[in-house]
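**Q** Sharing my_file.cif here; it has mmCIF, C-alpha atoms and all ligand atoms.
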```
data_model
#
loop_
_atom_site.label_atom_id
_atom_site.label_comp_id
_atom_site.auth_asym_id
_atom_site.auth_seq_id
_atom_site.Cartn_x
_atom_site.Cartn_y
_atom_site.Cartn_z
CA MET A 1 0.00 0.00 0.00
CA LYS A 2 1.35 3.41 -1.00
CA LYS A 3 2.20 5.61 1.96
CA LYS A 4 0.20 8.80 2.47
CA LEU A 5 2.27 11.83 1.51
CA ASP A 6 2.91 14.60 4.04
CA TYR A 7 2.51 17.58 1.72
CA GLN A 8 3.50 20.11 4.38
CA GLN A 9 6.74 18.23 4.95
CA ILE A 10 7.40 18.13 1.19
CA LEU A 11 6.79 21.88 0.90
CA ARG A 12 9.19 22.59 3.75
CA MET A 13 11.86 20.49 2.04
CA ALA A 14 11.13 22.13 -1.33
CA SER A 15 11.45 25.64 0.19
CA LYS A 16 14.87 24.74 1.57
CA SER A 17 15.99 23.56 -1.88
CA MET A 18 14.63 26.71 -3.51
CA VAL A 19 16.74 28.91 -1.27
CA ARG A 20 19.84 26.91 -2.14
CA VAL A 21 19.37 26.54 -5.90
CA LYS A 22 20.40 29.67 -7.80
CA ASP A 23 19.62 28.32 -11.28
CA PRO A 24 15.80 28.46 -11.87
CA ARG A 25 15.83 25.81 -14.61
CA ARG A 26 17.60 23.36 -12.33
CA LEU A 27 15.11 24.11 -9.61
CA LEU A 28 12.11 23.48 -11.90
CA LYS A 29 13.62 20.23 -13.11
CA MET A 30 14.00 19.16 -9.47
CA ILE A 31 10.30 19.91 -8.86
CA ALA A 32 9.18 18.01 -11.98
CA ARG A 33 11.35 15.06 -11.01
CA TYR A 34 9.98 15.11 -7.48
CA ILE A 35 6.31 15.18 -8.51
CA ASP A 36 6.94 12.41 -11.03
CA ARG A 37 8.60 10.26 -8.37
CA GLU A 38 6.27 10.88 -5.44
CA ILE A 39 2.83 11.67 -6.87
CA ASN A 40 0.80 9.23 -8.85
CA VAL A 41 0.30 11.19 -12.12
CA LYS A 42 0.72 10.12 -15.74
CA HIS A 43 2.97 13.08 -16.51
CA THR A 44 4.20 16.40 -15.17
CA SER A 45 5.35 19.40 -17.17
CA ILE A 46 6.69 22.77 -16.14
CA LEU A 47 6.61 25.94 -18.22
CA MET A 48 8.60 29.05 -17.43
CA TYR A 49 8.21 32.60 -18.71
CA GLU A 50 10.93 33.69 -21.10
CA GLN A 51 11.16 37.45 -20.64
CA ALA A 52 13.20 38.20 -23.77
CA LYS A 53 10.72 36.47 -26.13
CA LYS A 54 7.59 37.11 -24.08
CA ARG A 55 6.47 33.48 -24.12
CA TYR A 56 6.21 30.43 -21.89
CA ILE A 57 8.43 27.48 -22.69
CA PHE A 58 8.48 23.90 -21.47
CA VAL A 59 11.46 23.63 -19.17
CA ASP A 60 10.99 20.00 -18.25
CA SER A 61 8.49 17.17 -18.43
CA LYS A 62 8.36 13.77 -16.84
CA GLY A 63 6.19 10.68 -17.22
CA ASP A 64 5.13 8.30 -19.98
CA LYS A 65 2.58 10.60 -21.61
CA ARG A 66 4.66 13.72 -21.36
CA ILE A 67 5.11 16.36 -24.03
CA PRO A 68 8.88 16.59 -24.62
CA ALA A 69 10.51 19.77 -23.28
CA GLY A 70 11.13 22.38 -25.96
CA LEU A 71 8.34 21.10 -28.22
CA VAL A 72 5.57 23.48 -27.16
CA ARG A 73 5.71 27.22 -26.55
CA LEU A 74 2.79 29.30 -25.34
CA ASP A 75 2.74 32.96 -26.29
CA ILE A 76 1.02 35.55 -24.16
CA GLU A 77 -2.11 35.43 -26.35
CA ASN A 78 -2.62 31.72 -25.63
CA PRO A 79 -6.12 31.17 -24.05
CA LEU A 80 -4.63 29.41 -21.03
CA ILE A 81 -2.14 32.21 -20.41
CA GLN A 82 -4.86 34.82 -20.92
CA TRP A 83 -7.08 32.97 -18.45
CA PHE A 84 -4.42 33.13 -15.74
CA THR A 85 -3.39 36.66 -16.59
CA ARG A 86 -6.92 38.03 -16.32
CA ARG A 87 -7.81 36.00 -13.20
CA GLU A 88 -11.54 36.65 -13.51
CA LYS A 89 -13.84 35.40 -10.83
CA ILE A 90 -16.25 32.96 -12.44
CA PRO A 91 -18.75 31.00 -10.31
CA ALA A 92 -17.91 27.29 -9.82
CA LEU A 93 -14.40 27.81 -11.20
CA SER A 94 -11.30 28.34 -9.12
CA LYS A 95 -9.18 31.28 -10.19
CA ASP A 96 -6.09 29.61 -8.73
CA PHE A 97 -5.94 26.69 -11.16
CA VAL A 98 -7.72 25.20 -14.17
CA SER A 99 -8.91 21.61 -14.20
CA CYS A 100 -10.71 19.57 -16.81
CA LYS A 101 -13.11 18.41 -14.12
CA GLU A 102 -14.18 21.98 -13.24
CA ILE A 103 -14.44 23.09 -16.87
CA CYS A 104 -16.57 20.11 -17.83
CA GLY A 105 -18.78 20.77 -14.78
CA ALA A 106 -19.23 24.44 -15.76
CA LEU A 107 -19.96 23.54 -19.39
CA SER A 108 -22.83 21.34 -18.26
CA ASP A 109 -24.22 23.95 -15.84
CA LYS A 110 -26.88 25.83 -17.76
CA LYS A 111 -27.35 28.37 -15.01
CA ILE A 112 -23.70 29.48 -15.05
CA LEU A 113 -23.58 29.56 -18.87
CA ALA A 114 -26.74 31.66 -18.96
CA GLU A 115 -25.15 34.35 -16.78
CA GLU A 116 -22.14 34.73 -19.08
CA PRO A 117 -22.98 34.32 -22.81
CA GLU A 118 -19.32 34.15 -23.96
CA LEU A 119 -18.33 31.67 -21.26
CA ARG A 120 -19.20 28.49 -23.19
CA LYS A 121 -16.92 29.52 -26.04
CA ARG A 122 -14.08 30.49 -23.74
CA LEU A 123 -14.34 27.32 -21.65
CA THR A 124 -14.48 25.17 -24.78
CA VAL A 125 -11.28 26.76 -26.07
CA LEU A 126 -9.68 26.30 -22.65
CA ARG A 127 -10.69 22.62 -22.49
CA ARG A 128 -9.24 22.04 -25.96
CA GLU A 129 -6.02 23.69 -24.88
CA LEU A 130 -5.75 21.34 -21.87
CA GLU A 131 -6.44 18.35 -24.15
CA VAL A 132 -3.67 19.42 -26.52
CA LEU A 133 -1.31 19.71 -23.59
CA ARG A 134 -2.66 16.42 -22.14
CA ALA A 135 -3.20 18.20 -18.82
CA ALA A 136 -5.84 17.34 -16.25
CA VAL A 137 -4.87 20.28 -14.09
CA CYS A 138 -2.88 23.40 -14.78
CA VAL A 139 -1.58 25.45 -11.84
CA PRO A 140 -0.12 28.94 -12.28
CA GLY A 141 2.85 30.30 -10.32
CA TYR A 142 2.72 34.03 -9.55
CA TYR A 143 5.11 36.45 -7.97
CA LYS A 144 3.57 39.82 -7.05
CA GLY A 145 0.79 39.22 -9.54
CA GLU A 146 3.14 38.36 -12.40
CA LEU A 147 2.56 34.95 -14.03
CA LEU A 148 6.04 33.39 -14.07
CA GLY A 149 5.28 29.76 -14.79
CA LEU A 150 2.77 26.93 -15.11
CA LEU A 151 2.66 23.48 -13.61
CA MET A 152 0.82 20.96 -15.84
CA LEU A 153 -0.33 17.67 -14.41
CA GLY A 154 -1.68 14.72 -16.32
CA GLU A 155 -4.38 12.48 -14.92
CA LYS A 156 -3.71 10.43 -11.83
CA LYS A 157 -2.70 6.88 -12.65
CA ASN A 158 -5.48 5.46 -10.42
CA GLY A 159 -8.09 7.47 -12.38
CA ARG A 160 -9.16 9.46 -9.30
CA ASN A 161 -9.58 13.21 -9.14
CA PHE A 162 -7.03 15.41 -7.41
CA SER A 163 -7.94 16.10 -3.81
CA ASP A 164 -8.23 19.68 -2.44
CA GLU A 165 -5.11 18.99 -0.39
CA GLU A 166 -3.19 18.02 -3.51
CA LEU A 167 -4.42 21.08 -5.40
CA ASP A 168 -3.44 23.34 -2.49
CA PHE A 169 -0.05 21.66 -2.46
CA PHE A 170 0.49 22.27 -6.19
CA GLN A 171 -0.52 25.94 -5.86
CA THR A 172 1.85 26.56 -2.98
CA LEU A 173 4.62 24.73 -4.78
CA ALA A 174 4.05 26.71 -8.01
CA ASN A 175 3.99 30.06 -6.18
CA ASP A 176 7.08 29.20 -4.11
CA ALA A 177 8.89 28.20 -7.30
CA ALA A 178 7.81 31.49 -8.95
CA MET A 179 9.28 33.40 -6.03
CA ALA A 180 12.52 31.38 -6.23
CA ILE A 181 12.73 32.12 -9.98
CA LYS A 182 12.30 35.83 -9.35
CA MET A 183 14.92 35.80 -6.59
CA ALA A 184 17.36 33.96 -8.85
CA ALA A 185 16.70 36.56 -11.58
CA TYR A 186 17.37 39.37 -9.08
CA HIS A 187 20.53 37.58 -8.05
CA ASP A 188 21.69 37.26 -11.70
CA ASP A 189 20.75 40.87 -12.35
CA LEU A 190 22.76 41.93 -9.32
CA LEU A 191 25.76 39.90 -10.51
CA ASP A 192 25.47 41.49 -13.99
CA ARG A 193 25.31 44.98 -12.51
CA ASN A 194 28.27 44.15 -10.29
CA ARG A 195 30.26 42.96 -13.30
CA GLU A 196 29.34 46.13 -15.23
CA LEU A 197 30.37 48.24 -12.27
CA GLU A 198 33.68 46.38 -11.95
CA GLU A 199 34.38 46.94 -15.65
CA LYS A 200 33.62 50.65 -15.31
CA VAL A 201 35.89 50.92 -12.29
CA LYS A 202 38.67 49.18 -14.25
CA LEU A 203 38.17 51.56 -17.17
CA ILE A 204 38.27 54.61 -14.90
CA GLU A 205 41.40 53.25 -13.21
CA SER A 206 43.14 52.67 -16.53
CA LEU A 207 42.19 56.16 -17.77
CA ARG A 208 43.46 57.62 -14.51
CA ALA A 209 46.71 55.66 -14.82
CA LYS A 210 47.15 56.95 -18.39
CA GLU A 211 46.46 60.50 -17.27
CA GLN A 212 49.01 60.12 -14.46
CA GLU A 213 51.58 58.68 -16.88
CA ILE A 214 51.09 61.58 -19.31
CA TYR A 215 51.45 64.09 -16.48
CA TYR A 216 54.56 62.28 -15.23
CA GLN A 217 56.12 62.46 -18.69
CA ILE A 218 55.36 66.19 -18.85
CA VAL A 219 56.97 66.78 -15.45
CA LEU A 220 59.96 64.69 -16.54
CA SER A 221 60.42 66.82 -19.65
CA LEU A 222 60.25 69.89 -17.39
CA ALA A 223 62.98 68.36 -15.22
CA ARG A 224 65.15 67.85 -18.33
CA GLU A 225 64.46 71.44 -19.28
CA VAL A 226 65.70 72.45 -15.83
CA ASP A 227 68.92 70.50 -16.48
CA THR A 228 69.47 72.57 -19.58
CA LYS A 229 68.59 75.80 -17.77
CA ASP A 230 70.93 74.81 -14.96
CA SER A 231 73.78 74.52 -17.48
CA TYR A 232 74.45 70.83 -16.98
CA THR A 233 76.46 69.78 -20.01
CA ASN A 234 76.13 66.05 -19.45
CA ASN A 235 73.30 63.66 -18.62
CA HIS A 236 73.05 64.76 -15.00
CA LEU A 237 69.63 63.24 -14.30
CA GLU A 238 70.53 59.75 -15.57
CA GLN A 239 73.77 59.76 -13.57
CA VAL A 240 71.99 60.90 -10.42
CA GLU A 241 69.47 58.07 -10.90
CA ILE A 242 72.18 55.39 -11.26
CA LEU A 243 74.11 56.67 -8.24
CA GLY A 244 70.98 57.09 -6.12
CA LEU A 245 69.67 53.58 -6.78
CA LYS A 246 73.03 51.99 -6.06
CA THR A 247 73.40 53.99 -2.82
CA ALA A 248 69.92 52.92 -1.73
CA GLU A 249 70.88 49.29 -2.39
CA GLU A 250 74.03 49.73 -0.31
CA ILE A 251 72.12 50.98 2.75
CA GLY A 252 69.78 47.99 2.36
CA LEU A 253 66.67 49.97 1.43
CA ASP A 254 63.91 47.59 0.32
CA LEU A 255 63.51 48.57 -3.31
CA GLU A 256 60.88 46.03 -4.28
CA GLY A 257 57.97 47.44 -6.31
CA ARG A 258 56.58 50.90 -5.63
CA ARG A 259 59.38 52.14 -3.39
CA ARG A 260 61.84 51.79 -6.26
CA ASP A 261 59.52 53.80 -8.56
CA VAL A 262 59.19 56.50 -5.92
CA LEU A 263 62.97 56.76 -5.49
CA ILE A 264 63.58 56.89 -9.25
CA ALA A 265 60.93 59.63 -9.69
CA SER A 266 62.44 61.60 -6.79
CA LEU A 267 65.94 61.35 -8.26
CA ARG A 268 64.69 62.45 -11.67
CA LEU A 269 62.35 65.22 -10.56
CA HIS A 270 64.04 66.68 -7.46
CA ASP A 271 64.89 70.03 -9.08
CA VAL A 272 61.82 70.40 -11.31
CA GLY A 273 60.77 73.42 -9.20
CA LYS A 274 63.73 75.33 -10.65
CA ILE A 275 61.66 75.74 -13.81
CA GLY A 276 60.26 78.85 -12.08
CA VAL A 277 63.69 80.28 -11.13
CA PRO A 278 64.92 82.91 -13.61
CA ASP A 279 68.01 81.99 -15.69
CA GLY A 280 69.80 85.07 -14.37
CA ILE A 281 69.73 83.60 -10.87
CA LEU A 282 70.45 80.00 -11.90
CA LYS A 283 73.51 80.99 -13.91
CA LYS A 284 74.73 83.87 -11.75
CA ARG A 285 78.48 83.74 -11.21
CA GLY A 286 78.61 85.88 -8.11
CA LYS A 287 76.88 85.62 -4.74
CA LEU A 288 73.08 85.65 -4.79
CA THR A 289 71.26 88.52 -3.09
CA LYS A 290 68.92 87.73 -0.21
CA GLU A 291 65.87 87.94 -2.54
CA GLU A 292 67.55 85.82 -5.22
CA TRP A 293 68.51 83.21 -2.63
CA ALA A 294 64.92 83.15 -1.36
CA LEU A 295 63.70 82.48 -4.91
CA MET A 296 66.31 79.77 -5.35
CA LYS A 297 65.35 78.05 -2.09
CA ASP A 298 61.72 78.17 -3.10
CA HIS A 299 62.36 75.55 -5.81
CA VAL A 300 61.73 72.72 -3.34
CA LYS A 301 58.19 73.96 -2.59
CA LYS A 302 57.50 74.72 -6.24
CA GLY A 303 58.64 71.19 -7.15
CA ALA A 304 56.29 69.66 -4.59
CA GLU A 305 53.43 71.81 -5.95
CA ILE A 306 54.11 70.70 -9.53
CA LEU A 307 53.88 67.09 -8.38
CA GLU A 308 50.63 67.55 -6.49
CA PRO A 309 48.38 66.22 -9.33
CA LEU A 310 50.48 63.03 -9.40
CA THR A 311 48.39 61.37 -6.72
CA ASP A 312 50.29 58.09 -7.10
CA PHE A 313 53.49 59.93 -6.18
CA ARG A 314 52.48 61.86 -3.08
CA ASP A 315 55.62 60.51 -1.37
CA VAL A 316 57.77 61.91 -4.19
CA ALA A 317 56.51 65.43 -3.46
CA LYS A 318 57.52 64.99 0.20
CA ILE A 319 60.99 63.70 -0.72
CA ILE A 320 61.53 66.60 -3.12
CA MET A 321 60.36 69.10 -0.51
CA HIS A 322 63.15 67.99 1.84
CA HIS A 323 66.10 67.29 -0.48
CA HIS A 324 67.91 70.44 0.77
CA GLU A 325 67.51 69.73 4.47
CA ASN A 326 70.89 69.33 6.19
CA TYR A 327 71.76 66.49 8.54
CA ASP A 328 72.53 68.99 11.34
CA GLY A 329 69.23 70.84 10.84
CA SER A 330 70.73 73.88 9.08
CA GLY A 331 69.02 73.24 5.72
CA TYR A 332 65.71 74.33 4.22
CA PRO A 333 62.72 74.58 4.00
CA ASP A 334 61.88 73.18 7.49
CA GLY A 335 65.24 72.77 9.19
CA LEU A 336 64.64 69.04 9.73
CA LYS A 337 67.59 67.06 11.03
CA GLY A 338 68.93 63.50 11.15
CA GLU A 339 66.30 60.81 10.79
CA GLU A 340 63.55 63.41 10.58
CA ILE A 341 64.59 63.91 6.97
CA PRO A 342 63.12 61.19 4.69
CA VAL A 343 65.87 58.71 3.81
CA GLU A 344 65.23 59.17 0.08
CA SER A 345 65.72 62.96 0.51
CA ARG A 346 69.07 62.28 2.23
CA ILE A 347 70.10 60.05 -0.72
CA VAL A 348 69.06 62.69 -3.29
CA ALA A 349 71.05 65.33 -1.36
CA VAL A 350 74.31 63.32 -1.48
CA VAL A 351 74.18 62.11 -5.09
CA ASP A 352 72.94 65.43 -6.46
CA ALA A 353 75.69 67.38 -4.66
CA PHE A 354 78.38 64.94 -5.80
CA HIS A 355 77.27 64.91 -9.41
CA ALA A 356 76.92 68.71 -9.47
CA MET A 357 80.53 68.98 -8.22
CA ILE A 358 81.94 66.72 -10.96
CA SER A 359 79.99 68.52 -13.70
CA ASP A 360 81.13 71.61 -15.60
CA ARG A 361 78.87 74.57 -14.88
CA CYS A 362 78.73 77.87 -16.74
CA TYR A 363 80.14 79.65 -13.68
CA ARG A 364 82.85 77.14 -12.67
CA LYS A 365 84.83 74.15 -13.90
CA ALA A 366 84.10 70.65 -12.63
CA LEU A 367 85.96 69.29 -9.60
CA SER A 368 87.87 66.06 -10.02
CA PHE A 369 86.31 62.89 -8.57
CA ASN A 370 88.75 62.84 -5.67
CA GLU A 371 88.15 66.50 -4.89
CA ALA A 372 84.41 65.92 -4.96
CA LEU A 373 84.69 62.86 -2.70
CA LYS A 374 86.82 64.87 -0.26
CA GLU A 375 84.21 67.62 -0.32
CA LEU A 376 81.50 65.10 0.54
CA LYS A 377 83.55 63.76 3.44
CA ARG A 378 84.15 67.28 4.68
CA ALA A 379 80.42 68.04 4.72
CA THR A 380 79.45 64.73 6.39
CA LYS A 381 77.52 65.11 9.65
CA LYS A 382 76.90 68.79 8.87
CA GLN A 383 75.19 68.60 5.50
CA PHE A 384 75.02 64.86 4.80
CA ASP A 385 74.04 61.72 6.70
CA PRO A 386 77.27 59.75 7.42
CA LYS A 387 75.50 56.41 6.71
CA ILE A 388 74.42 57.64 3.28
CA VAL A 389 77.91 58.98 2.49
CA THR A 390 79.48 55.63 3.43
CA ALA A 391 76.93 53.79 1.27
CA PHE A 392 77.57 56.25 -1.54
CA PHE A 393 81.33 55.59 -1.40
CA SER A 394 80.80 51.86 -1.72
CA ALA A 395 78.24 52.46 -4.53
CA ILE A 396 80.84 54.55 -6.41
CA LYS A 397 83.36 51.74 -5.96
CA LYS A 398 80.95 49.17 -7.39
CA ILE A 399 79.82 51.32 -10.30
CA GLY A 400 83.39 52.38 -11.03
CA LEU A 401 84.48 55.96 -11.64
CA LYS A 402 85.49 55.12 -15.21
CA GLN A 403 82.03 53.89 -16.08
CA LEU A 404 80.51 56.97 -14.50
CA SER A 405 82.92 59.18 -16.38
CA ALA A 406 82.23 57.37 -19.69
CA ALA A 407 78.49 57.78 -19.25
CA SER A 408 78.93 61.50 -18.54
FE FE A 501 67.70 71.13 -5.55
#
```
Just dump the structure as structure tokens.

**A**
Amino acid sequence: MKKKLDYQQILRMASKSMVRVKDPRRLLKMIARYIDREINVKHTSILMYEQAKKRYIFVDSKGDKRIPAGLVRLDIENPLIQWFTRREKIPALSKDFVSCKEICGALSDKKILAEEPELRKRLTVLRRELEVLRAAVCVPGYYKGELLGLLMLGEKKNGRNFSDEELDFFQTLANDAAMAIKMAAYHDDLLDRNRELEEKVKLIESLRAKEQEIYYQIVLSLAREVDTKDSYTNNHLEQVEILGLKTAEEIGLDLEGRRRDVLIASLRLHDVGKIGVPDGILKKRGKLTKEEWALMKDHVKKGAEILEPLTDFRDVAKIIMHHHENYDGSGYPDGLKGEEIPVESRIVAVVDAFHAMISDRCYRKALSFNEALKELKRATKKQFDPKIVTAFFSAIKKIGLKQLSAAS
């Protein structure tokens, strides 16, 4: 003897599955399979609304007398779909499902047919539609009044009619499935929007990176212009970069990734603020007046200002701002001393001073390497950090003075 089904228990289990399953088609197939396995019907079919084509398609069907999935499509003008969309209240007919039994009953009820002259025609069309689909009962699934799917059930194998409990069960199941479909669609929609948003963010980031790169190149060309203005006759910036990087390596600065880029940019751009210093001051042979000296000193602040739009290189602006601070606190602009001065600024100070000394300037001849090295030693502890000077000396040894000279 077949056990009596606990429909409430089945619904509870089905609800749990619906929450878990994100793919509506998979969920509907599970429902069709379940009804086919547990309920004594000749066949079960499930139709789902296809938004893009505005039609209902067979997602799955089970049972011997089933209509194969994909074979039948119901458009929104189909009498069955229209019936469930309009949801009219007609005496003796449930508006929550359509069954052959109810339709046949209504068609033989002269009183009901007399009240509604068009009803016979409509019910006849509806009955024919159910016959074509081989359905004894058709149950709609709504979400917020929107018809999202249909559950079609063939006759029961024992020839009996569906009980009220079974019909209630099918309605609840169909409406729960409709809700799960809608939730899955929201979920997909949310994922799509998320993906779109991520793509937009990536695009904005790449545009921003391009903009930053263009600005960086402009600032770099300004820095080269400064080199020319400053009467450097050799490739001062490139030499300063080589010396600075090697010195940083020697003091054990971690130069992996961004920090290396920051140091290189600082070494290249440290004097870019001199673009605003008049040539007459830059190339003056004699002593600068107080006003001229003030303008000259201002190049560190101007440089930091020029770099302000380079948001990726905020640290570079800070390093440039302090590349004329002295180790004993006697430098400018803030009189920082010792470790208060960023280490990169202390490196720039040493290599820039050294390379300036070994370069010919319009107002003086270059010092020899040994003279310049002596000068650095002399200014250690006052102007320069002793650790950086020591590292610089070993960097010079490793690079080799000849190579430096050849590159100049
Ligand atoms: Fe400078």

**Q** With all atoms listed in the file as the counted atoms, please give the residues lying no more than 8 Å from stretch 183-194 of chain A, apart from itself and same-chain residues fewer than 3 positions off, as a ChimeraX atom specification.

**A** /A:22-24,179-180,197-198

**Q** List all protein, DNA and RNA residues that have at least one atom no more than 8 Å from any atom of ligand FE 501 (chain A), counting all atoms listed in the file, and write them as a list in words.

**A**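 Protein and nucleic-acid residues within 8 Å of ligand FE 501 (chain A): His270, Asp271, Lys274, His299, Val300, His323, His324, Ala349 and Asp352 of chain A.
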
**Q** Return as AutoDock Vina command-line options the box centre and box size in Å, one decimal, for an axis-aligned box around all listed atoms of stretch 86-90 of chain A padded by 3 Å per side.

**A**
```
--center_x -11.6 --center_y 35.5 --center_z -13.6 --size_x 15.3 --size_y 11.1 --size_z 11.5
```

**Q** I'd like the contact shell of stretch 98-115 of chain A - 10 Å cut-off, all atoms listed in the file, skipping same-chain residues fewer than 2 positions apart - returned as a PyMOL selection string.

**A** chain A and resi 80+83-84+90-96+117-121+123-124+126-128+130-131+135-140+152-153+155+161-162+167

**Q** Which residues, protein or nucleic acid, reach to within 9 Å of (81.3, 78.7, -10.4) in the file's coordinates when using only C-alpha atoms, and can you give that as a list of chain:residue names?

**A** A:Lys283, A:Lys284, A:Arg285, A:Gly286, A:Asp360, A:Arg361, A:Cys362, A:Tyr363, A:Arg364, A:Lys365, A:Ala366
